[in-house]
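As provided, target.cif (mmCIF, C-alpha atoms) reads as follows.
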```
data_run
loop_
_atom_site.group_PDB
_atom_site.id
_atom_site.type_symbol
_atom_site.label_atom_id
_atom_site.label_comp_id
_atom_site.auth_asym_id
_atom_site.auth_seq_id
_atom_site.Cartn_x
_atom_site.Cartn_y
_atom_site.Cartn_z
ATOM 1 C CA MET R 104 97.859 21.315 74.880
ATOM 2 C CA PRO R 105 100.820 19.468 76.510
ATOM 3 C CA LYS R 106 100.609 15.814 77.507
ATOM 4 C CA ASN R 107 98.836 15.081 80.794
ATOM 5 C CA PRO R 108 101.533 14.505 83.487
ATOM 6 C CA ASN R 109 99.001 12.922 85.834
ATOM 7 C CA PRO R 110 97.219 9.617 85.072
ATOM 8 C CA CYS R 111 94.216 10.418 87.327
ATOM 9 C CA ARG R 112 90.925 10.464 85.441
ATOM 10 C CA HIS R 113 89.799 13.506 87.430
ATOM 11 C CA TRP R 114 92.817 15.556 86.291
ATOM 12 C CA ILE R 115 92.490 18.246 83.612
ATOM 13 C CA ASN R 116 95.525 20.068 82.257
ATOM 14 C CA CYS R 117 94.222 23.637 82.432
ATOM 15 C CA GLY R 118 97.479 25.575 82.213
ATOM 16 C CA VAL R 119 98.214 25.899 85.954
ATOM 17 C CA ILE R 120 101.997 25.837 86.422
ATOM 18 C CA GLY R 121 102.951 22.798 88.545
ATOM 19 C CA GLY R 122 99.334 21.744 88.827
ATOM 20 C CA GLY R 123 96.074 21.371 87.023
ATOM 21 C CA CYS R 124 92.328 21.282 87.529
ATOM 22 C CA CYS R 125 90.340 18.576 89.320
ATOM 23 C CA ARG R 126 86.980 17.564 87.843
ATOM 24 C CA LEU R 127 85.781 16.770 91.384
ATOM 25 C CA GLY R 128 86.737 20.232 92.650
ATOM 26 C CA ARG R 129 89.060 18.843 95.330
ATOM 27 C CA TYR R 130 91.700 21.086 96.929
ATOM 28 C CA GLY R 131 90.124 24.275 95.637
ATOM 29 C CA GLY R 132 89.720 22.796 92.166
ATOM 30 C CA LYS R 133 93.384 23.377 91.248
ATOM 31 C CA PRO R 134 95.633 20.912 93.099
ATOM 32 C CA SER R 135 99.368 20.667 92.555
ATOM 33 C CA LEU R 136 100.808 17.482 91.031
ATOM 34 C CA GLY R 137 102.083 16.426 94.479
ATOM 35 C CA THR R 138 98.694 16.908 96.119
ATOM 36 C CA CYS R 139 96.961 14.960 93.379
ATOM 37 C CA ARG R 140 99.433 12.076 93.747
ATOM 38 C CA VAL R 141 98.337 11.465 97.369
ATOM 39 C CA CYS R 142 94.620 12.215 96.930
ATOM 40 C CA PRO R 143 92.329 9.467 98.319
ATOM 41 C CA HIS R 144 89.942 10.088 95.382
ATOM 42 C CA TYR R 145 92.609 9.227 92.800
ATOM 43 C CA LEU R 146 91.251 7.163 89.924
ATOM 44 C CA GLY R 147 93.762 5.893 87.404
ATOM 45 C CA LEU R 148 96.691 3.536 86.962
ATOM 46 C CA PRO R 149 97.941 2.053 90.264
ATOM 47 C CA ARG R 150 100.551 4.241 91.951
ATOM 48 C CA GLY R 151 101.748 1.386 94.150
ATOM 49 C CA LEU R 152 100.662 -1.516 96.356
ATOM 50 C CA GLY R 153 98.135 0.660 98.210
ATOM 51 C CA ASP R 154 96.146 1.282 95.020
ATOM 52 C CA ILE R 155 96.254 -2.394 94.064
ATOM 53 C CA VAL R 156 94.934 -3.459 97.490
ATOM 54 C CA HIS R 157 92.285 -0.703 97.331
ATOM 55 C CA LEU R 158 91.178 -1.931 93.896
ATOM 56 C CA PHE R 159 90.171 -5.298 95.389
ATOM 57 C CA ALA R 160 89.384 -4.444 99.021
ATOM 58 C CA ASN R 161 87.050 -1.491 98.429
ATOM 59 C CA PRO R 162 84.328 -3.415 96.513
ATOM 60 C CA ILE R 163 84.466 -6.231 99.071
ATOM 61 C CA ALA R 164 84.098 -3.747 101.955
ATOM 62 C CA GLN R 165 81.125 -2.110 100.219
ATOM 63 C CA ILE R 166 79.400 -5.488 99.824
ATOM 64 C CA LEU R 167 80.042 -6.379 103.478
ATOM 65 C CA ASN R 168 78.747 -2.986 104.635
ATOM 66 C CA THR R 169 75.575 -3.444 102.576
ATOM 67 C CA VAL R 170 74.965 -6.884 104.124
ATOM 68 C CA LEU R 171 75.669 -5.606 107.651
ATOM 69 C CA HIS R 172 73.418 -2.580 107.097
ATOM 70 C CA ARG R 173 70.536 -4.852 106.064
ATOM 71 C CA LYS R 174 71.040 -6.913 109.225
ATOM 72 C CA GLY R 175 70.990 -3.754 111.358
ATOM 73 C CA LYS R 176 74.618 -4.057 112.444
ATOM 74 C CA LYS R 177 77.327 -1.414 112.575
ATOM 75 C CA LYS R 178 79.302 -0.857 109.391
ATOM 76 C CA ILE R 179 82.906 -1.963 109.261
ATOM 77 C CA GLY R 180 85.504 0.672 108.569
ATOM 78 C CA ALA R 181 83.342 3.546 109.816
ATOM 79 C CA HIS R 182 86.401 5.201 111.353
ATOM 80 C CA CYS R 183 89.136 3.388 109.483
ATOM 81 C CA ARG R 184 92.341 4.909 108.237
ATOM 82 C CA CYS R 185 92.110 3.300 104.802
ATOM 83 C CA ALA R 186 93.128 6.416 102.842
ATOM 84 C CA GLN R 187 96.150 6.957 105.091
ATOM 85 C CA ARG R 188 97.196 3.305 104.813
ATOM 86 C CA ARG R 189 96.761 3.429 101.018
ATOM 87 C CA ARG R 190 99.057 6.493 100.827
ATOM 88 C CA GLU R 191 101.669 4.843 103.060
ATOM 89 C CA TRP R 192 101.691 1.617 101.028
ATOM 90 C CA ASN R 193 101.962 3.535 97.753
ATOM 91 C CA MET R 194 105.025 5.369 99.083
ATOM 92 C CA LEU R 195 106.688 2.211 100.467
ATOM 93 C CA HIS R 196 106.176 -0.101 97.511
ATOM 94 C CA ARG R 197 107.041 1.974 94.432
#
```

Now, as a test, write the supplied structure out as structure tokens.
Amino acid sequence: MPKNPNPCRHWINCGVIGGGCCRLGRYGGKPSLGTCRVCPHYLGLPRGLGDIVHLFANPIAQILNTVLHRKGKKKIGAHCRCAQRRREWNMLHR
């Protein structure tokens, strides 16, 4: 089988021309390379600044949400645009 062109851990090279298979079943299970590159569920080497920020900010946000949930307060980031911001930062800072 040819080398994997996509560093995402969910990506499987299954012979789809210009694409592959997603272990999570996203985008019909067979996303194109371009779709996979902007997926908010991407898990692999950082694609840019957005992924680096996400690597550190996401665990902190989960801890804060757990603490706020226990105190009966509203979660932070319930309607955030984190995935969109991550995509934008990855495109800007390549």

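Run against this file, the PyMOL selection byres ((chain R and resi 115) around 8) gives back Asn107, His113, Trp114, Asn116, Cys117, Gly123, Cys124, Cys125 and Arg126 of chain R.
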
Take the selection from the previous step and output its residues with C-alpha atoms, as a PDB file, keeping the file's coordinate frame.
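Everything below was put into selection37.pdb:
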```
ATOM      1  CA  ASN R 107      98.836  15.081  80.794  1.00  0.00           C
ATOM      2  CA  HIS R 113      89.799  13.506  87.430  1.00  0.00           C
ATOM      3  CA  TRP R 114      92.817  15.556  86.291  1.00  0.00           C
ATOM      4  CA  ASN R 116      95.525  20.068  82.257  1.00  0.00           C
ATOM      5  CA  CYS R 117      94.222  23.637  82.432  1.00  0.00           C
ATOM      6  CA  GLY R 123      96.074  21.371  87.023  1.00  0.00           C
ATOM      7  CA  CYS R 124      92.328  21.282  87.529  1.00  0.00           C
ATOM      8  CA  CYS R 125      90.340  18.576  89.320  1.00  0.00           C
ATOM      9  CA  ARG R 126      86.980  17.564  87.843  1.00  0.00           C
TER      10      ARG R 126
END
```

Answer as a ChimeraX atom specification, residues within 12 Å of (106.4, 5.3, 100.0) using all atoms listed in the file: /R:140-141,150-153,187-197

Ground truth for the PyMOL selection byres ((chain R and resi 147) around 8), written as JSON, numbers by chain: {"R": [110, 111, 112, 145, 146, 148, 149]}

Let me see the file: selected residues, C-alpha atoms, as an mmCIF file, keeping the file's coordinate frame.
```
data_model
loop_
_atom_site.group_PDB
_atom_site.id
_atom_site.type_symbol
_atom_site.label_atom_id
_atom_site.label_comp_id
_atom_site.auth_asym_id
_atom_site.auth_seq_id
_atom_site.Cartn_x
_atom_site.Cartn_y
_atom_site.Cartn_z
ATOM 1 C CA PRO R 110 97.219 9.617 85.072
ATOM 2 C CA CYS R 111 94.216 10.418 87.327
ATOM 3 C CA ARG R 112 90.925 10.464 85.441
ATOM 4 C CA TYR R 145 92.609 9.227 92.800
ATOM 5 C CA LEU R 146 91.251 7.163 89.924
ATOM 6 C CA LEU R 148 96.691 3.536 86.962
ATOM 7 C CA PRO R 149 97.941 2.053 90.264
#
```

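Going from CA of Ile155 in chain R to CA of Cys185 in chain R covers 12.8 Å.
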
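Computed from the coordinates, the CA of His144 in chain R to CA of Tyr130 in chain R distance equals 11.2 Å.
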
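Distance-wise, CA of Arg173 in chain R and CA of Leu158 in chain R end up 24.1 Å apart.
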